[in-house]
Amino acid sequence: MMRLHDGFFCLLISMQVTESIQFLRYKSRELRSSHRTLTTMSLDPDNKEDPQPSQRVQKFATLTVCLVPPPSSEITWDYLTKARTQLKDPGLFRWPPHANLLYPFVSIKPRDGNENMGPVDSDILSRLHEAVRQIEPFTVTLERFGTFGGNKRGVLWLYPSSNLDDGGEPVHNLYESLIQQFPECASSREFNPHMTLSHFACLDTAKTAQTEVESWWPSSIDDTVTIDFPVKEIYVLERKGDDGQFLRKVTLGLGAHSSVEVHDPPLPFPKMPMIEEDWVRAERMALKARRNSGEKRGKRGGRRKQRDLGPSRSQDTPEEIATKRT
């Protein structure tokens with residue numbers, strides 16, 4: 001009789017422990033879920049109160065705020081197009097020659113409740129205008145090449161130099177001014193402005209391509225000759241669809257007396273190709289395949305690392321684990 005009572009007591013304790021574990025797991029999942037949705041906090045350094053969480057801000061790879069040589073800088077466009085064509089740039093049709101400032105960018109669609117229901121959200125336009133009016137027009141010079149990548153990726157680019165006599169760089173100042181208005185677009189990486197010339201399968205190939213282009217680039221042959229362009233305005237570019245081209249949606253003039261112009265419909269740059277040639281599309285699809293392959297390898301590598309951590313500490317039975325995976 002005593003043994004039966006003890007067995008019942010042990011069973012009762014076991015059931016209570018199981019319920020406690022399940023409750024703790026539920027609260028843990030609930031906490032993780034709330035953490036994922038409350039990731040963006042107040043970035044105002046003058047706010048002495050506890051930061052209030054807000055919803056995650058979604059950004060889109062089909063939108064960018066960037067600088068592009070103006071259509072009037074025909075010689076600069078010609079040299080950049082020659083280099084990109086020679087290097088078989090996969091983005092020759094999709095992208096104009098550009099240096100991203102905020103990419104990806106937030107949605108520019110008008111939000112409910114805005115008085116000005118134009119093609120672009122009035123609050124976004126106001127914040128962009130406030131940022132660019134702090135920076136006076138400047139000139140960018142393209143004479144320094146650079147590369148980055150590794151065994152599975154290579155990129156060749158030009159540095160948009162904008163050095164002033166006092167050592168400042170307006171491109172960086174412009175970026176900082178934009179980030180003040182759009183802190184949600186800040187990157188964990190250091191800002192490194194660059195104008196991509198082409199993508200390659202590996203870094204060594206990109207370095208070889210650099211040598212080829214430097215052999216005929218004007219500033220590399222004669223240091224008295226420069227390829228440059230004035231930056232009196234920057235642009236919000238938007239692309240529609242996977243086969244689309246980035247077009248001018250908004251033109252933002254720089255300086256205290258600048259203006260903002262919305263283009264509806266969006267405008268292409270005059271020197272951009274009208275169609276995507278077969279070889280350009282083939283290069284773009286090859287780049288896309290390399291990126292997808294790299295992501296798959298990364299995921300497989302991640303699972304291998306997890307298997308190397310040793311035996312699982314989970315208390316779940318094989319049946320419970322199988323149910324969760326399902």
# chains A, B, ... in the order shown; residues from 1 in each chain; ligands from 1
>>> residues_around(residues="A:Tyr103", least_positions_apart="2", cutoff="8 Å", atoms="only C-alpha atoms", output="PyMOL selection string")
chain A and resi 60-61+63-65+100-101+105+185
>>> select_by_dssp(residues="stretch 92-185 of chain A", states="strand (DSSP E or B)", output="ChimeraX atom specification")
/A:99-102,105-106,138-149,154-161
>>> write_last_selection(atoms="N, CA and C atoms", output="compact mmCIF listing (two decimals), in the first residue's frame")
# COMPACT_ATOMS: atom_id res chain seq x y z
N ALA A 99 26.54 55.90 -56.69
CA ALA A 99 27.09 55.60 -55.36
C ALA A 99 25.92 55.69 -54.38
N ASN A 100 25.58 54.56 -53.78
CA ASN A 100 24.46 54.54 -52.84
C ASN A 100 24.78 55.33 -51.58
N LEU A 101 23.77 56.06 -51.10
CA LEU A 101 23.87 56.76 -49.82
C LEU A 101 22.99 56.08 -48.78
N LEU A 102 21.75 55.80 -49.14
CA LEU A 102 20.83 55.05 -48.28
C LEU A 102 20.24 53.92 -49.11
N PHE A 105 16.19 51.43 -49.08
CA PHE A 105 15.52 52.60 -48.52
C PHE A 105 14.10 52.25 -48.10
N VAL A 106 13.53 53.11 -47.25
CA VAL A 106 12.18 52.88 -46.73
C VAL A 106 11.13 53.15 -47.82
N PHE A 138 28.93 70.16 -54.54
CA PHE A 138 30.37 69.86 -54.54
C PHE A 138 30.72 69.09 -55.80
N THR A 139 31.99 68.75 -55.95
CA THR A 139 32.47 68.03 -57.13
C THR A 139 33.07 66.69 -56.72
N VAL A 140 32.77 65.66 -57.49
CA VAL A 140 33.31 64.32 -57.26
C VAL A 140 34.33 64.01 -58.35
N THR A 141 35.47 63.46 -57.93
CA THR A 141 36.52 63.04 -58.86
C THR A 141 36.66 61.53 -58.81
N LEU A 142 36.79 60.92 -59.98
CA LEU A 142 36.90 59.45 -60.08
C LEU A 142 38.29 59.07 -60.56
N GLU A 143 39.17 58.78 -59.62
CA GLU A 143 40.55 58.44 -59.99
C GLU A 143 41.13 57.31 -59.14
N ARG A 144 40.44 56.92 -58.09
CA ARG A 144 40.95 55.85 -57.22
C ARG A 144 40.09 54.59 -57.37
N PHE A 145 40.76 53.48 -57.72
CA PHE A 145 40.07 52.20 -57.85
C PHE A 145 40.21 51.39 -56.56
N GLY A 146 39.30 50.49 -56.37
CA GLY A 146 39.36 49.60 -55.21
C GLY A 146 38.63 48.31 -55.51
N THR A 147 38.90 47.31 -54.69
CA THR A 147 38.25 46.01 -54.83
C THR A 147 37.89 45.49 -53.44
N PHE A 148 36.92 44.59 -53.39
CA PHE A 148 36.66 43.82 -52.19
C PHE A 148 36.05 42.50 -52.60
N GLY A 149 36.06 41.54 -51.68
CA GLY A 149 35.52 40.21 -51.97
C GLY A 149 36.39 39.12 -51.37
N GLY A 154 33.89 38.95 -56.08
CA GLY A 154 34.81 40.05 -56.29
C GLY A 154 34.08 41.24 -56.87
N VAL A 155 34.43 42.45 -56.42
CA VAL A 155 33.81 43.68 -56.91
C VAL A 155 34.91 44.70 -57.19
N LEU A 156 34.82 45.33 -58.36
CA LEU A 156 35.73 46.42 -58.72
C LEU A 156 34.94 47.72 -58.69
N TRP A 157 35.50 48.75 -58.05
CA TRP A 157 34.77 49.99 -57.90
C TRP A 157 35.69 51.20 -57.97
N LEU A 158 35.07 52.37 -58.17
CA LEU A 158 35.75 53.65 -58.14
C LEU A 158 35.31 54.42 -56.90
N TYR A 159 36.26 55.10 -56.29
CA TYR A 159 35.94 55.89 -55.10
C TYR A 159 35.53 57.30 -55.52
N PRO A 160 34.32 57.76 -55.12
CA PRO A 160 33.88 59.12 -55.45
C PRO A 160 34.52 60.13 -54.51
N SER A 161 35.72 60.55 -54.83
CA SER A 161 36.47 61.46 -53.97
C SER A 161 35.88 62.87 -54.04
>>> residues_around(residues="stretch 119-128 of chain A", least_positions_apart="5", cutoff="10 Å", atoms="only C-alpha atoms", output="VMD selection string")
chain A and resid 65 106 to 112 114 133 177 to 182 236 249 to 250 252 260 to 265
>>> write_last_selection(atoms="C-alpha atoms", output="compact mmCIF listing (two decimals), in the first residue's frame")
# COMPACT_ATOMS: atom_id res chain seq x y z
CA VAL A 65 18.94 57.38 -52.32
CA VAL A 106 12.18 52.88 -46.73
CA SER A 107 8.85 52.90 -48.53
CA ILE A 108 8.00 56.21 -50.19
CA LYS A 109 4.31 55.45 -50.72
CA PRO A 110 1.93 57.97 -49.12
CA ARG A 111 0.67 56.83 -45.73
CA ASP A 112 -2.95 57.05 -44.63
CA ASN A 114 -1.23 62.47 -44.91
CA ARG A 133 19.66 71.52 -47.75
CA SER A 177 22.98 64.43 -42.76
CA LEU A 178 20.73 61.80 -44.36
CA ILE A 179 21.27 59.37 -41.50
CA GLN A 180 20.19 62.02 -39.00
CA GLN A 181 16.84 62.10 -40.77
CA PHE A 182 16.68 58.34 -41.44
CA VAL A 236 15.66 58.73 -55.12
CA LYS A 249 11.51 59.13 -58.78
CA VAL A 250 12.68 62.24 -56.90
CA LEU A 252 16.79 66.52 -54.56
CA VAL A 260 12.60 68.94 -54.53
CA GLU A 261 11.05 67.59 -57.71
CA VAL A 262 8.90 64.45 -57.88
CA HIS A 263 8.77 62.65 -61.23
CA ASP A 264 5.49 60.94 -62.04
CA PRO A 265 6.02 58.85 -64.07
>>> closest_residue(among="A:Ser215, A:Arg290, A:Ile221, A:Gln210", to="A:Thr196", atoms="only C-alpha atoms")
A:Gln210
>>> closest_residue(among="A:Glu184, A:Glu190, A:Asp78, A:Asp166", to="A:Gln58", atoms="only C-alpha atoms")
A:Glu184
>>> residues_around(residues="A:Glu277", least_positions_apart="4", cutoff="10 Å", atoms="only C-alpha atoms", output="NGL selection string")
:A and (92-93 or 273 or 281-282)
>>> write_last_selection(atoms="N, CA and C atoms", output="CSV table (one decimal), in the first residue's frame")
chain,number,residue,atom,x,y,z
A,92,LEU,N,24.6,46.6,-65.8
A,92,LEU,CA,24.7,47.7,-66.8
A,92,LEU,C,23.3,48.2,-67.2
A,93,PHE,N,22.3,47.4,-67.3
A,93,PHE,CA,20.9,47.9,-67.7
A,93,PHE,C,20.2,48.3,-66.4
A,273,PRO,N,20.8,52.3,-71.3
A,273,PRO,CA,20.2,51.5,-72.4
A,273,PRO,C,18.7,51.4,-72.3
A,281,ARG,N,21.8,40.3,-69.5
A,281,ARG,CA,20.9,39.5,-68.7
A,281,ARG,C,21.6,38.2,-68.3
A,282,ALA,N,22.4,37.6,-69.2
A,282,ALA,CA,23.1,36.3,-68.9
A,282,ALA,C,24.1,36.6,-67.7
